[in-house]
Amino acid sequence: DCNTQATVLATPNDCYRFVNWTENDEVISTASPYTFTLESDRNLVANFFRQYDFSAICSTGQRLYYRIIDAEQHWVSIVAPNGDNAFGWNGYTKPEGDITLPETVEYNGTSYTVTDIGNNAFVTCDGLTGSLNIPNSVTSIGDYAFFYCSGLTGSLTIPNSVTSIGKSAFERCSGFTGSLAIGSSVTSIGGSAFVGCSHFTGSFIIPNSVTSIGNYAFNNCSGFTGPLAIGNSVTSIGDFAFWDCSGFTGPLTISSSVTSIGDKAFLNCNFTNV
């Protein structure tokens, strides 16, 4: 009847998340249930997002979730089960303890290669402890991939297969207490990628493959010591990129390839000379 209230409910199947209601390709609401007043016939469409394709237990005992990103090449991405957002593990058991990410994973009789750690894949998984082992098959680490995984400890090695590190990928991973080694294929380090990783120690090298360092990329990485040499392919260093990296004590070497240095990029660093 006209002018009466109607309510519709979208119920996702496993692996899916409700996104919104649309009508004639226009977004009407993101609520479910959605209540509205009937004034005429309506043609509402419920839209869902496929969060993952399958899950499997890795060698260290945690259940991980995967999305197939290339069915022909058999490539998969490790993803958060509730979608690539800040609430990626809501309603699911977060992985805990020491973790070794797999290089390959089996599904329906097919072996898939893990090439990507997706956006928000382990966001706020602060129950992860011990060292983090990233396989040599991974080529990209997404935005917020390990955001606030503060229980991870020891050194961190980004393997030579990785070409990009997303923004805030390791932000607030303050438990790392060893060295940080970035592989020789990384070309971009996203904004805030390692902000607040204040307990990394020892010397630090920006490899020659890197072309850009984002804003706040290493802000408050105060445990690094010794000199810093910016690789000879870097063209841009973002605002506050090394702000409060107060442990550096040797010289700072910036290559001639750099054409842009952001505001206060080296504020509160203690380099002896540039």
# chains A, B, ... in the order shown; residues from 1 in each chain; ligands from 1

call {"tool": "residues_around", "arguments": {"residues": "stretch 173-179 of chain A", "least_positions_apart": "4", "cutoff": "9 Å", "atoms": "only C-alpha atoms", "output": "PyMOL selection string"}}
result
chain A and resi 126+129-131+146-157+194-204+223-224

call {"tool": "select_by_dssp", "arguments": {"residues": "stretch 17-258 of chain A", "states": "strand (DSSP E)", "output": "ChimeraX atom specification"}}
result
/A:17-23,26-29,34-37,45-50,54-57,63-70,75-79,97-100,104-107,110-117,128-133,140-141,154-158,164-165,176-182,188-189,212-213,226-230,236-237,248-254

call {"tool": "closest_atom_pairs", "arguments": {"of": "stretch 25-95 of chain A", "to": "stretch 3-18 of chain A", "cutoff": "12 Å", "atoms": "only C-alpha atoms", "output": "JSON lines"}}
result
{"residue": "A:Ser29", "atom": "CA", "partner": "A:Val8", "partner_atom": "CA", "distance": 11.1}
{"residue": "A:Thr30", "atom": "CA", "partner": "A:Phe18", "partner_atom": "CA", "distance": 8.3}
{"residue": "A:Ala31", "atom": "CA", "partner": "A:Leu9", "partner_atom": "CA", "distance": 8.7}
{"residue": "A:Ser32", "atom": "CA", "partner": "A:Leu9", "partner_atom": "CA", "distance": 5.3}
{"residue": "A:Pro33", "atom": "CA", "partner": "A:Leu9", "partner_atom": "CA", "distance": 4.4}
{"residue": "A:Tyr34", "atom": "CA", "partner": "A:Val8", "partner_atom": "CA", "distance": 5.4}
{"residue": "A:Thr35", "atom": "CA", "partner": "A:Thr7", "partner_atom": "CA", "distance": 4.2}
{"residue": "A:Phe36", "atom": "CA", "partner": "A:Ala6", "partner_atom": "CA", "distance": 5.5}
{"residue": "A:Thr37", "atom": "CA", "partner": "A:Gln5", "partner_atom": "CA", "distance": 4.6}
{"residue": "A:Leu38", "atom": "CA", "partner": "A:Asn3", "partner_atom": "CA", "distance": 5.1}
{"residue": "A:Glu39", "atom": "CA", "partner": "A:Asn3", "partner_atom": "CA", "distance": 5.5}
{"residue": "A:Ser40", "atom": "CA", "partner": "A:Asn3", "partner_atom": "CA", "distance": 8.8}
{"residue": "A:Asp41", "atom": "CA", "partner": "A:Asn3", "partner_atom": "CA", "distance": 11.6}
{"residue": "A:Arg42", "atom": "CA", "partner": "A:Ala6", "partner_atom": "CA", "distance": 10.7}
{"residue": "A:Asn43", "atom": "CA", "partner": "A:Val8", "partner_atom": "CA", "distance": 11.6}
{"residue": "A:Leu44", "atom": "CA", "partner": "A:Val8", "partner_atom": "CA", "distance": 9.1}
{"residue": "A:Val45", "atom": "CA", "partner": "A:Ala10", "partner_atom": "CA", "distance": 9.6}
{"residue": "A:Ala46", "atom": "CA", "partner": "A:Ala10", "partner_atom": "CA", "distance": 6.5}
{"residue": "A:Asn47", "atom": "CA", "partner": "A:Phe18", "partner_atom": "CA", "distance": 6.2}
{"residue": "A:Phe48", "atom": "CA", "partner": "A:Phe18", "partner_atom": "CA", "distance": 4.4}
{"residue": "A:Phe49", "atom": "CA", "partner": "A:Arg17", "partner_atom": "CA", "distance": 5.2}
{"residue": "A:Arg50", "atom": "CA", "partner": "A:Tyr16", "partner_atom": "CA", "distance": 4.4}
{"residue": "A:Gln51", "atom": "CA", "partner": "A:Tyr16", "partner_atom": "CA", "distance": 5.4}
{"residue": "A:Tyr52", "atom": "CA", "partner": "A:Cys15", "partner_atom": "CA", "distance": 5.4}
{"residue": "A:Asp53", "atom": "CA", "partner": "A:Cys15", "partner_atom": "CA", "distance": 6.6}
{"residue": "A:Phe54", "atom": "CA", "partner": "A:Cys15", "partner_atom": "CA", "distance": 7.9}
{"residue": "A:Ser55", "atom": "CA", "partner": "A:Cys15", "partner_atom": "CA", "distance": 9.7}
{"residue": "A:Tyr65", "atom": "CA", "partner": "A:Cys15", "partner_atom": "CA", "distance": 9.6}
{"residue": "A:Tyr66", "atom": "CA", "partner": "A:Cys15", "partner_atom": "CA", "distance": 10.2}
{"residue": "A:Arg67", "atom": "CA", "partner": "A:Cys15", "partner_atom": "CA", "distance": 9.9}
{"residue": "A:Val79", "atom": "CA", "partner": "A:Cys15", "partner_atom": "CA", "distance": 11.4}
{"residue": "A:Ala80", "atom": "CA", "partner": "A:Cys15", "partner_atom": "CA", "distance": 10.7}
{"residue": "A:Pro81", "atom": "CA", "partner": "A:Cys15", "partner_atom": "CA", "distance": 7.4}
{"residue": "A:Asn82", "atom": "CA", "partner": "A:Arg17", "partner_atom": "CA", "distance": 7.0}
{"residue": "A:Gly83", "atom": "CA", "partner": "A:Arg17", "partner_atom": "CA", "distance": 7.5}
{"residue": "A:Asp84", "atom": "CA", "partner": "A:Arg17", "partner_atom": "CA", "distance": 10.9}
{"residue": "A:Asn85", "atom": "CA", "partner": "A:Arg17", "partner_atom": "CA", "distance": 11.7}
{"residue": "A:Phe87", "atom": "CA", "partner": "A:Arg17", "partner_atom": "CA", "distance": 11.8}
{"residue": "A:Gly88", "atom": "CA", "partner": "A:Arg17", "partner_atom": "CA", "distance": 10.8}
{"residue": "A:Asn90", "atom": "CA", "partner": "A:Arg17", "partner_atom": "CA", "distance": 11.5}
{"residue": "A:Gly91", "atom": "CA", "partner": "A:Arg17", "partner_atom": "CA", "distance": 11.7}
{"residue": "A:Tyr92", "atom": "CA", "partner": "A:Cys15", "partner_atom": "CA", "distance": 11.6}

call {"tool": "residues_around", "arguments": {"residues": "stretch 251-253 of chain A", "least_positions_apart": "2", "cutoff": "9 Å", "atoms": "only C-alpha atoms", "output": "PyMOL selection string"}}
result
chain A and resi 226-231+248-249+255+270-274

call {"tool": "write_last_selection", "arguments": {"atoms": "N, CA, C and O atoms", "output": "CSV table (one decimal), in the first residue's frame"}}
result
chain,number,residue,atom,x,y,z
A,226,GLY,N,73.8,5.6,12.8
A,226,GLY,CA,74.8,5.7,11.8
A,226,GLY,C,74.4,6.7,10.7
A,226,GLY,O,73.5,7.5,10.8
A,227,PRO,N,75.0,6.5,9.5
A,227,PRO,CA,74.7,7.4,8.4
A,227,PRO,C,73.5,7.0,7.6
A,227,PRO,O,73.0,5.9,7.8
A,228,LEU,N,73.0,7.8,6.7
A,228,LEU,CA,71.9,7.4,5.8
A,228,LEU,C,72.3,7.9,4.4
A,228,LEU,O,72.6,9.1,4.2
A,229,ALA,N,72.2,6.9,3.4
A,229,ALA,CA,72.5,7.3,2.0
A,229,ALA,C,71.1,7.0,1.3
A,229,ALA,O,70.6,5.9,1.3
A,230,ILE,N,70.7,8.1,0.6
A,230,ILE,CA,69.4,8.0,-0.2
A,230,ILE,C,69.8,7.4,-1.6
A,230,ILE,O,70.7,8.0,-2.2
A,231,GLY,N,69.2,6.3,-2.0
A,231,GLY,CA,69.6,5.7,-3.2
A,231,GLY,C,69.6,6.6,-4.4
A,231,GLY,O,68.9,7.6,-4.5
A,248,PHE,N,70.0,8.7,13.9
A,248,PHE,CA,71.1,8.9,12.9
A,248,PHE,C,72.2,9.8,13.4
A,248,PHE,O,71.9,10.9,14.0
A,249,THR,N,73.4,9.4,13.3
A,249,THR,CA,74.5,10.2,13.8
A,249,THR,C,75.6,10.5,12.8
A,249,THR,O,76.4,11.3,13.1
A,255,SER,N,71.5,11.8,-3.2
A,255,SER,CA,72.0,11.7,-4.6
A,255,SER,C,71.5,12.8,-5.5
A,255,SER,O,70.5,13.5,-5.2
A,270,ASN,N,69.9,14.0,13.6
A,270,ASN,CA,71.2,14.4,14.1
A,270,ASN,C,72.3,14.1,13.2
A,270,ASN,O,73.4,13.7,13.7
A,271,PHE,N,72.1,14.2,11.9
A,271,PHE,CA,73.2,14.0,11.0
A,271,PHE,C,74.4,15.0,11.2
A,271,PHE,O,74.2,16.1,11.6
A,272,THR,N,75.6,14.4,11.0
A,272,THR,CA,76.8,15.3,11.3
A,272,THR,C,77.0,16.2,10.1
A,272,THR,O,77.5,17.3,10.3
A,273,ASN,N,76.6,15.8,8.9
A,273,ASN,CA,76.7,16.7,7.8
A,273,ASN,C,75.9,16.2,6.6
A,273,ASN,O,75.5,15.0,6.7
A,274,VAL,N,75.7,17.0,5.6
A,274,VAL,CA,74.9,16.6,4.5
A,274,VAL,C,75.7,16.7,3.2
A,274,VAL,O,76.4,17.8,3.1

call {"tool": "residues_around", "arguments": {"residues": "A:Val76", "least_positions_apart": "5", "cutoff": "12 Å", "atoms": "only C-alpha atoms", "output": "ChimeraX atom specification"}}
result
/A:52-55,64-71,102-107,110-118,137-140
